[in-house]
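Peer 1: Attaching a single structure in structure tokens format; questions to follow.
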Amino acid sequence: MSTEDSAPSVSERGTVLVTGGTGFVGSHSVARLLREGYRTRVTVRESGQETEVLAALRQAEVQPAGRLEFVVADLSADRGWVDAMDGVSHVLHHASPFPFTPPETEDEVILPARDGALRVISAARKARIPRVVMTSSYAAVGYTLKPGDRYSEADWTDPDTDGLPAYHKSKVLAERAAWDFVHAHGDIELAVVNPTGIFGPQLGNRPSGSVGLVRGMLTGRMPVVPIMYFGVVDVRDVVDLHLRAMLHPKAAGERFIAVSGSSMSLFGMAQILREHFPAAADLLPSAELTIEQVREAAKTEPALRDAAALRGRIPVISNEKARTVLGWEPRDVRETIVATADSQIRLGLTLPDGS
């Protein structure tokens with residue numbers, strides 16, 4: 001989709017507020033919006049973070065052309081949100097805490113995710129902005145296993161599921177709180193995007209956790225991988241789905257899973273990389289841990305607890321709703337994985353043959 005189709009003026013398109021603009025999805029959203037002629041306002045937690053967004057735009061070869069502005073507004077405080085919403089026509093709420101190591105307490109992740117979402121939606125409502133599009137996660141959909149392993153937007157992860165990581169719980173509770181708020185007030189619309197594992201070209205200097213997996217494989221830091229199947233989606237398609245949810249009348253009050261197609265394993269991902277980057281063949285994972293090995297290793301390695309909880313099951317995750325309601329057409333998974341690796345090479349990762 002391109003919002004260029006009817007070619008309205010910049011003033012007619014209005015101003016889009018983007019939270020989390022320094023993140024993986026947020027940086028791509030800012031680039032996409034500017035390409036399509038929107039005025040874009042980005043919230044940053046503190047002054048100085050603007051340089052990260054500008055650096056990402058340079059990598060994306062996007063010129064703001066006077067249509068980009070910043071406002072300091074932290075999800076943990078009310079200060080700044082009135083100014084952030086002033087004159088805004090659309091809100092894309094991407095920001096949410098993502099711990100790279102397990103937090104000491106769940107509330108370190110849950111409270112800022114839940115309270116931040118409520119703060120953004122409440123501020124948008126007070127500013128009479130008609131709709132907020134919120135980035136949730138497949139973590140809020142399919143991490144309570146069920147017979148048949150088939151998942152759609154009708155499914156919810158039970159936050160009391162045994163062994164559920166704090167991040168996953170935070171996404172469930174934040175999304176639930178957002179829906180409860182909207183249903184209680186009735187005068188603001190909400191649309192939610194629930195991405196699976198997000199891959200694709202990196203903008204900026206901070207790789208996401210998923211992009212870091214590909215980099216780890218290409219640098220030989222992952223000689224073996226746990227047996228684990230998950231959905232994959234390209235970050236550019238995640239942004240596209242957000243824009244569709246922002247504009248389409250039928251998106252109001254709906255959740256949309258963002259997944260490209262069939263679930264993929266880490267080992268299958270390594271096979272794609274081996275095919276397209278033969279110089280890295282000796283560095284890529286050469287074996288897959290069994291379920292028993294994963295379960296045992298997860299006792300001392302928190303990073304493997306997700307894989308242990310899934311027990312090697314292969315989820316069938318539907319993207320039918322996004323396709324049929326919003327006309328969304330995601331890229332092929334192989335294209336996404338190759339683009340992820342290409343971006344790492346472009347950012348300075350050198351493969352054994354010097355490429």
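Ligands are numbered from 1 in the order shown, chains are lettered A, B, ... in the order of the structure tokens, and residues start at 1 in each chain.
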Write down as a VMD selection string the residues of range 24-90 of chain A whose backbone DSSP state falls under strand (DSSP E or B).

Peer 2: chain A and resid 39 to 44 68 to 72 90

Peer 1: Those same residues - N, CA and C atoms - I'd like them written as a PDB file, in the first residue's frame.

Peer 2:
```pdb
ATOM      1  N   ARG A  39       3.734  14.975   7.800  1.00  0.00           N
ATOM      2  CA  ARG A  39       4.452  15.619   8.881  1.00  0.00           C
ATOM      3  C   ARG A  39       4.553  14.600  10.012  1.00  0.00           C
ATOM      4  N   THR A  40       5.719  14.489  10.601  1.00  0.00           N
ATOM      5  CA  THR A  40       5.945  13.433  11.590  1.00  0.00           C
ATOM      6  C   THR A  40       6.556  14.026  12.845  1.00  0.00           C
ATOM      7  N   ARG A  41       5.931  13.721  13.970  1.00  0.00           N
ATOM      8  CA  ARG A  41       6.442  14.162  15.274  1.00  0.00           C
ATOM      9  C   ARG A  41       6.857  12.919  16.062  1.00  0.00           C
ATOM     10  N   VAL A  42       8.071  12.919  16.576  1.00  0.00           N
ATOM     11  CA  VAL A  42       8.622  11.754  17.262  1.00  0.00           C
ATOM     12  C   VAL A  42       8.852  12.090  18.732  1.00  0.00           C
ATOM     13  N   THR A  43       8.350  11.234  19.617  1.00  0.00           N
ATOM     14  CA  THR A  43       8.635  11.432  21.032  1.00  0.00           C
ATOM     15  C   THR A  43       9.973  10.779  21.376  1.00  0.00           C
ATOM     16  N   VAL A  44      10.745  11.458  22.213  1.00  0.00           N
ATOM     17  CA  VAL A  44      11.986  10.905  22.738  1.00  0.00           C
ATOM     18  C   VAL A  44      11.940  11.019  24.261  1.00  0.00           C
ATOM     19  N   LEU A  68       9.791  17.008   9.970  1.00  0.00           N
ATOM     20  CA  LEU A  68      10.079  16.185  11.136  1.00  0.00           C
ATOM     21  C   LEU A  68      10.309  17.065  12.345  1.00  0.00           C
ATOM     22  N   GLU A  69       9.688  16.705  13.471  1.00  0.00           N
ATOM     23  CA  GLU A  69       9.927  17.424  14.718  1.00  0.00           C
ATOM     24  C   GLU A  69       9.968  16.438  15.871  1.00  0.00           C
ATOM     25  N   PHE A  70      10.510  16.910  16.982  1.00  0.00           N
ATOM     26  CA  PHE A  70      10.672  16.053  18.160  1.00  0.00           C
ATOM     27  C   PHE A  70      10.054  16.723  19.376  1.00  0.00           C
ATOM     28  N   VAL A  71       9.606  15.893  20.301  1.00  0.00           N
ATOM     29  CA  VAL A  71       9.104  16.390  21.578  1.00  0.00           C
ATOM     30  C   VAL A  71       9.533  15.411  22.659  1.00  0.00           C
ATOM     31  N   VAL A  72       9.964  15.932  23.789  1.00  0.00           N
ATOM     32  CA  VAL A  72      10.371  15.077  24.908  1.00  0.00           C
ATOM     33  C   VAL A  72       9.128  14.665  25.687  1.00  0.00           C
ATOM     34  N   HIS A  90      -2.965  11.567  13.776  1.00  0.00           N
ATOM     35  CA  HIS A  90      -2.852  10.116  13.932  1.00  0.00           C
ATOM     36  C   HIS A  90      -1.749   9.804  14.942  1.00  0.00           C
TER      37      HIS A  90
END
```

Peer 1: Between A:Met246, A:Ala258, A:Val214, A:Met228, which residue has the minimum interatomic distance to Ala309 in chain A, considering only C-alpha atoms?

Peer 2: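 Answer, going by the shortest atom-to-atom distance: A:Met228.
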
Peer 1: List the spatial neighbours of His168 in chain A as a PDB file with all heavy atoms, in the first residue's frame - criterion: any atom at most 9 Å away, only C-alpha atoms, same-chain residues fewer than 5 positions off excluded.

Peer 2:
```pdb
ATOM      1  N   SER A 137       2.050  -7.445  20.358  1.00  0.00           N
ATOM      2  CA  SER A 137       2.972  -8.514  19.991  1.00  0.00           C
ATOM      3  C   SER A 137       2.204  -9.826  19.882  1.00  0.00           C
ATOM      4  O   SER A 137       1.150 -10.002  20.513  1.00  0.00           O
ATOM      5  CB  SER A 137       4.069  -8.646  21.052  1.00  0.00           C
ATOM      6  OG  SER A 137       4.867  -9.799  20.835  1.00  0.00           O
ATOM      7  N   TYR A 138       2.771 -10.751  19.096  1.00  0.00           N
ATOM      8  CA  TYR A 138       2.235 -12.107  19.097  1.00  0.00           C
ATOM      9  C   TYR A 138       2.372 -12.728  20.486  1.00  0.00           C
ATOM     10  O   TYR A 138       1.643 -13.664  20.820  1.00  0.00           O
ATOM     11  CB  TYR A 138       2.966 -12.963  18.060  1.00  0.00           C
ATOM     12  CG  TYR A 138       2.502 -14.397  18.033  1.00  0.00           C
ATOM     13  CD1 TYR A 138       1.264 -14.733  17.489  1.00  0.00           C
ATOM     14  CD2 TYR A 138       3.286 -15.411  18.570  1.00  0.00           C
ATOM     15  CE1 TYR A 138       0.823 -16.046  17.485  1.00  0.00           C
ATOM     16  CE2 TYR A 138       2.856 -16.734  18.564  1.00  0.00           C
ATOM     17  CZ  TYR A 138       1.621 -17.052  18.022  1.00  0.00           C
ATOM     18  OH  TYR A 138       1.181 -18.347  18.020  1.00  0.00           O
ATOM     19  N   ALA A 139       3.263 -12.158  21.304  1.00  0.00           N
ATOM     20  CA  ALA A 139       3.396 -12.632  22.687  1.00  0.00           C
ATOM     21  C   ALA A 139       2.081 -12.503  23.444  1.00  0.00           C
ATOM     22  O   ALA A 139       1.847 -13.231  24.411  1.00  0.00           O
ATOM     23  CB  ALA A 139       4.488 -11.842  23.405  1.00  0.00           C
ATOM     24  N   ALA A 140       1.216 -11.592  23.020  1.00  0.00           N
ATOM     25  CA  ALA A 140      -0.088 -11.420  23.659  1.00  0.00           C
ATOM     26  C   ALA A 140      -1.154 -12.327  23.058  1.00  0.00           C
ATOM     27  O   ALA A 140      -2.297 -12.309  23.505  1.00  0.00           O
ATOM     28  CB  ALA A 140      -0.536  -9.965  23.543  1.00  0.00           C
ATOM     29  N   TYR A 143       1.037 -17.571  23.320  1.00  0.00           N
ATOM     30  CA  TYR A 143       1.998 -18.225  24.212  1.00  0.00           C
ATOM     31  C   TYR A 143       1.336 -19.019  25.329  1.00  0.00           C
ATOM     32  O   TYR A 143       2.003 -19.475  26.245  1.00  0.00           O
ATOM     33  CB  TYR A 143       2.998 -17.208  24.764  1.00  0.00           C
ATOM     34  CG  TYR A 143       4.142 -16.992  23.795  1.00  0.00           C
ATOM     35  CD1 TYR A 143       3.985 -16.188  22.679  1.00  0.00           C
ATOM     36  CD2 TYR A 143       5.352 -17.655  23.964  1.00  0.00           C
ATOM     37  CE1 TYR A 143       5.012 -16.013  21.769  1.00  0.00           C
ATOM     38  CE2 TYR A 143       6.384 -17.492  23.068  1.00  0.00           C
ATOM     39  CZ  TYR A 143       6.206 -16.669  21.973  1.00  0.00           C
ATOM     40  OH  TYR A 143       7.236 -16.512  21.062  1.00  0.00           O
ATOM     41  N   THR A 157      -2.902 -14.818  25.035  1.00  0.00           N
ATOM     42  CA  THR A 157      -2.021 -15.471  25.989  1.00  0.00           C
ATOM     43  C   THR A 157      -2.552 -15.219  27.393  1.00  0.00           C
ATOM     44  O   THR A 157      -2.883 -14.076  27.741  1.00  0.00           O
ATOM     45  CB  THR A 157      -0.594 -14.911  25.873  1.00  0.00           C
ATOM     46  OG1 THR A 157      -0.082 -15.209  24.566  1.00  0.00           O
ATOM     47  CG2 THR A 157       0.327 -15.512  26.915  1.00  0.00           C
ATOM     48  N   PRO A 159      -1.902 -14.435  30.994  1.00  0.00           N
ATOM     49  CA  PRO A 159      -0.732 -13.914  31.703  1.00  0.00           C
ATOM     50  C   PRO A 159      -0.281 -14.784  32.871  1.00  0.00           C
ATOM     51  O   PRO A 159       0.846 -14.629  33.363  1.00  0.00           O
ATOM     52  CB  PRO A 159      -1.189 -12.532  32.189  1.00  0.00           C
ATOM     53  CG  PRO A 159      -2.675 -12.592  32.184  1.00  0.00           C
ATOM     54  CD  PRO A 159      -3.048 -13.519  31.067  1.00  0.00           C
ATOM     55  N   LEU A 173      -0.796  -7.629  29.274  1.00  0.00           N
ATOM     56  CA  LEU A 173      -1.447  -6.725  30.212  1.00  0.00           C
ATOM     57  C   LEU A 173      -1.564  -5.318  29.656  1.00  0.00           C
ATOM     58  O   LEU A 173      -2.563  -4.616  29.899  1.00  0.00           O
ATOM     59  CB  LEU A 173      -0.695  -6.726  31.542  1.00  0.00           C
ATOM     60  CG  LEU A 173      -0.689  -8.089  32.260  1.00  0.00           C
ATOM     61  CD1 LEU A 173       0.123  -8.013  33.547  1.00  0.00           C
ATOM     62  CD2 LEU A 173      -2.110  -8.550  32.563  1.00  0.00           C
TER      63      LEU A 173
END
```

Peer 1: Using only C-alpha atoms, determine which residues lie at most 12 Å from range 293-303 of chain A, disregarding the query and same-chain residues fewer than 6 positions distant; provide the list as a list in words.

Peer 2: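 Near neighbours after the sequence-gap exclusion: Pro99, Phe100, Thr101, Pro102, Pro103, Gly163, Leu164, Pro165, Ala166, Gly209, Leu213, Val224, Val225, Pro226, Ile227, Met228, Ala309, Leu310, Arg311 and Gly312 of chain A.
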
Peer 1: Could you check how far CA of Thr22 in chain A sits from CA of Glu106 in chain A, in Å to one decimal?

Peer 2: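 Interatomic distance here is 23.8 Å.
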
Peer 1: Show which residues sit within 8 Å of Arg274 in chain A, as number ranges by chain. Count only C-alpha atoms, and ignore same-chain residues fewer than 6 positions away.

Peer 2: A: 280-281, 284

Peer 1: Could you check which of A:Arg236, A:His242, A:Arg79, A:Arg114 is closest to Val18 in chain A, using only C-alpha atoms?

Peer 2: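 With only C-alpha atoms as the atom set, the closest residue is A:His242.
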
Peer 1: From the set A:Thr324, A:Asn205, A:Thr336, A:Asn194, which residue has the shortest atom-to-atom contact distance to Ser152 in chain A, counting only C-alpha atoms?

Peer 2: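 Ranked by minimum distance to Ser152 in chain A, first place goes to A:Asn194.
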
Peer 1: List every residue of range 81-147 of chain A that DSSP, applied to the backbone, labels as helix (DSSP H, G or I), and write the result as a list in words.

Peer 2: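 Answer for range 81-147 of chain A restricted to helix (DSSP H, G or I) is Trp81, Val82, Asp83, Ala84, Met85, Asp107, Glu108, Val109, Ile110, Leu111, Pro112, Ala113, Arg114, Asp115, Gly116, Ala117, Leu118, Arg119, Val120, Ile121, Ser122, Ala123, Ala124, Arg125, Lys126, Tyr138, Ala139 and Ala140 of chain A.
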
Peer 1: Please produce an output containing N, CA and C atoms for each residue in the selection, written as a JSON list (two decimals), in the first residue's frame.

Peer 2:
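Result saved to result08.json:
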```json
[["chain", "number", "residue", "atom", "x", "y", "z"],
["A", 81, "TRP", "N", 3.11, 15.17, 27.28],
["A", 81, "TRP", "CA", 2.18, 14.49, 26.39],
["A", 81, "TRP", "C", 1.12, 15.43, 25.81],
["A", 82, "VAL", "N", 0.78, 16.50, 26.53],
["A", 82, "VAL", "CA", -0.14, 17.48, 25.96],
["A", 82, "VAL", "C", 0.49, 18.13, 24.73],
["A", 83, "ASP", "N", 1.74, 18.54, 24.86],
["A", 83, "ASP", "CA", 2.45, 19.13, 23.73],
["A", 83, "ASP", "C", 2.63, 18.11, 22.61],
["A", 84, "ALA", "N", 2.89, 16.87, 22.98],
["A", 84, "ALA", "CA", 3.11, 15.83, 21.97],
["A", 84, "ALA", "C", 1.88, 15.65, 21.09],
["A", 85, "MET", "N", 0.69, 15.74, 21.68],
["A", 85, "MET", "CA", -0.56, 15.48, 20.95],
["A", 85, "MET", "C", -1.11, 16.71, 20.24],
["A", 107, "ASP", "N", 7.48, -6.23, 37.44],
["A", 107, "ASP", "CA", 6.93, -4.89, 37.35],
["A", 107, "ASP", "C", 7.85, -3.91, 36.63],
["A", 108, "GLU", "N", 9.14, -4.21, 36.58],
["A", 108, "GLU", "CA", 10.07, -3.34, 35.86],
["A", 108, "GLU", "C", 9.71, -3.25, 34.38],
["A", 109, "VAL", "N", 9.08, -4.29, 33.86],
["A", 109, "VAL", "CA", 8.66, -4.32, 32.46],
["A", 109, "VAL", "C", 7.17, -4.07, 32.32],
["A", 110, "ILE", "N", 6.38, -4.67, 33.20],
["A", 110, "ILE", "CA", 4.93, -4.61, 33.07],
["A", 110, "ILE", "C", 4.39, -3.21, 33.29],
["A", 111, "LEU", "N", 4.83, -2.54, 34.35],
["A", 111, "LEU", "CA", 4.25, -1.25, 34.69],
["A", 111, "LEU", "C", 4.49, -0.18, 33.62],
["A", 112, "PRO", "N", 5.72, -0.02, 33.12],
["A", 112, "PRO", "CA", 5.90, 1.00, 32.08],
["A", 112, "PRO", "C", 5.18, 0.66, 30.78],
["A", 113, "ALA", "N", 5.06, -0.63, 30.45],
["A", 113, "ALA", "CA", 4.33, -1.02, 29.23],
["A", 113, "ALA", "C", 2.86, -0.70, 29.36],
["A", 114, "ARG", "N", 2.26, -1.13, 30.47],
["A", 114, "ARG", "CA", 0.82, -0.91, 30.68],
["A", 114, "ARG", "C", 0.50, 0.57, 30.90],
["A", 115, "ASP", "N", 1.21, 1.19, 31.84],
["A", 115, "ASP", "CA", 0.92, 2.58, 32.17],
["A", 115, "ASP", "C", 1.28, 3.51, 31.01],
["A", 116, "GLY", "N", 2.32, 3.16, 30.27],
["A", 116, "GLY", "CA", 2.70, 3.97, 29.12],
["A", 116, "GLY", "C", 1.64, 3.95, 28.04],
["A", 117, "ALA", "N", 1.09, 2.76, 27.77],
["A", 117, "ALA", "CA", 0.03, 2.65, 26.76],
["A", 117, "ALA", "C", -1.19, 3.47, 27.18],
["A", 118, "LEU", "N", -1.56, 3.38, 28.45],
["A", 118, "LEU", "CA", -2.72, 4.14, 28.94],
["A", 118, "LEU", "C", -2.45, 5.64, 28.89],
["A", 119, "ARG", "N", -1.22, 6.02, 29.18],
["A", 119, "ARG", "CA", -0.87, 7.45, 29.15],
["A", 119, "ARG", "C", -1.00, 8.00, 27.72],
["A", 120, "VAL", "N", -0.53, 7.24, 26.75],
["A", 120, "VAL", "CA", -0.60, 7.68, 25.35],
["A", 120, "VAL", "C", -2.05, 7.76, 24.88],
["A", 121, "ILE", "N", -2.83, 6.72, 25.14],
["A", 121, "ILE", "CA", -4.21, 6.70, 24.66],
["A", 121, "ILE", "C", -5.04, 7.77, 25.36],
["A", 122, "SER", "N", -4.83, 7.96, 26.66],
["A", 122, "SER", "CA", -5.55, 8.99, 27.40],
["A", 122, "SER", "C", -5.23, 10.38, 26.86],
["A", 123, "ALA", "N", -3.96, 10.63, 26.59],
["A", 123, "ALA", "CA", -3.57, 11.93, 26.05],
["A", 123, "ALA", "C", -4.15, 12.15, 24.67],
["A", 124, "ALA", "N", -4.18, 11.11, 23.85],
["A", 124, "ALA", "CA", -4.78, 11.21, 22.52],
["A", 124, "ALA", "C", -6.27, 11.50, 22.62],
["A", 125, "ARG", "N", -6.93, 10.85, 23.56],
["A", 125, "ARG", "CA", -8.37, 11.08, 23.75],
["A", 125, "ARG", "C", -8.64, 12.52, 24.16],
["A", 126, "LYS", "N", -7.86, 13.04, 25.08],
["A", 126, "LYS", "CA", -8.05, 14.42, 25.53],
["A", 126, "LYS", "C", -7.81, 15.41, 24.38],
["A", 138, "TYR", "N", 2.77, -10.75, 19.10],
["A", 138, "TYR", "CA", 2.24, -12.11, 19.10],
["A", 138, "TYR", "C", 2.37, -12.73, 20.49],
["A", 139, "ALA", "N", 3.26, -12.16, 21.30],
["A", 139, "ALA", "CA", 3.40, -12.63, 22.69],
["A", 139, "ALA", "C", 2.08, -12.50, 23.44],
["A", 140, "ALA", "N", 1.22, -11.59, 23.02],
["A", 140, "ALA", "CA", -0.09, -11.42, 23.66],
["A", 140, "ALA", "C", -1.15, -12.33, 23.06]]
```

Peer 1: Please provide the set of residues having any atom within 10 Å of Arg206 in chain A, restricted to only C-alpha atoms, with same-chain residues fewer than 2 positions apart removed, written as a VMD selection string.

Peer 2: chain A and resid 22 to 24 52 202 to 204 208 to 209 211 to 212

Peer 1: What would the file look like if the residues just selected were written as a compact mmCIF listing (two decimals), in the first residue's frame with all heavy atoms?

Peer 2:
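Contents of out-v9.txt, freshly written:
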```txt
# COMPACT_ATOMS: atom_id res chain seq x y z
N THR A 22 13.09 5.70 18.07
CA THR A 22 14.47 5.24 18.01
C THR A 22 14.56 3.72 17.89
O THR A 22 15.64 3.18 17.69
CB THR A 22 15.26 5.67 19.27
OG1 THR A 22 14.61 5.11 20.43
CG2 THR A 22 15.30 7.18 19.41
N GLY A 23 13.42 3.03 17.99
CA GLY A 23 13.43 1.57 17.93
C GLY A 23 13.40 1.03 16.51
O GLY A 23 13.36 1.78 15.53
N PHE A 24 13.38 -0.28 16.40
CA PHE A 24 13.44 -0.96 15.11
C PHE A 24 12.22 -0.61 14.25
O PHE A 24 12.34 -0.12 13.13
CB PHE A 24 13.52 -2.46 15.36
CG PHE A 24 13.80 -3.31 14.15
CD1 PHE A 24 14.53 -2.83 13.07
CD2 PHE A 24 13.36 -4.63 14.11
CE1 PHE A 24 14.80 -3.63 11.96
CE2 PHE A 24 13.63 -5.44 13.01
CZ PHE A 24 14.34 -4.94 11.94
N GLU A 52 19.73 9.87 17.12
CA GLU A 52 19.55 8.46 16.71
C GLU A 52 18.56 8.36 15.56
O GLU A 52 18.76 7.59 14.62
CB GLU A 52 19.07 7.63 17.90
CG GLU A 52 20.07 7.48 19.04
CD GLU A 52 19.54 6.56 20.12
OE1 GLU A 52 19.09 5.45 19.79
OE2 GLU A 52 19.56 6.96 21.30
N GLN A 202 18.20 -3.33 9.23
CA GLN A 202 18.38 -2.52 10.43
C GLN A 202 18.64 -1.06 10.06
O GLN A 202 19.41 -0.76 9.16
CB GLN A 202 19.57 -3.05 11.23
CG GLN A 202 19.89 -2.25 12.49
CD GLN A 202 21.15 -2.76 13.17
OE1 GLN A 202 21.47 -3.96 13.09
NE2 GLN A 202 21.88 -1.89 13.84
N LEU A 203 17.97 -0.16 10.77
CA LEU A 203 18.28 1.26 10.69
C LEU A 203 18.82 1.68 12.06
O LEU A 203 18.30 1.25 13.09
CB LEU A 203 17.04 2.09 10.35
CG LEU A 203 16.41 1.87 8.98
CD1 LEU A 203 15.18 2.76 8.82
CD2 LEU A 203 17.42 2.14 7.86
N GLY A 204 19.83 2.51 12.08
CA GLY A 204 20.41 2.89 13.36
C GLY A 204 21.48 1.90 13.78
O GLY A 204 21.78 0.92 13.08
N SER A 208 17.92 -4.96 16.92
CA SER A 208 16.88 -5.55 17.76
C SER A 208 17.30 -6.95 18.17
O SER A 208 18.27 -7.51 17.64
CB SER A 208 15.56 -5.60 16.98
OG SER A 208 15.67 -6.53 15.92
N GLY A 209 16.55 -7.54 19.08
CA GLY A 209 16.88 -8.90 19.50
C GLY A 209 16.81 -9.89 18.36
O GLY A 209 17.66 -10.77 18.24
N VAL A 211 17.11 -9.24 15.02
CA VAL A 211 18.22 -8.98 14.10
C VAL A 211 19.52 -9.49 14.70
O VAL A 211 20.39 -10.02 13.99
CB VAL A 211 18.31 -7.47 13.78
CG1 VAL A 211 19.60 -7.14 13.03
CG2 VAL A 211 17.10 -7.04 12.95
N GLY A 212 19.65 -9.36 16.01
CA GLY A 212 20.85 -9.88 16.68
C GLY A 212 21.02 -11.37 16.52
O GLY A 212 22.15 -11.88 16.51
```
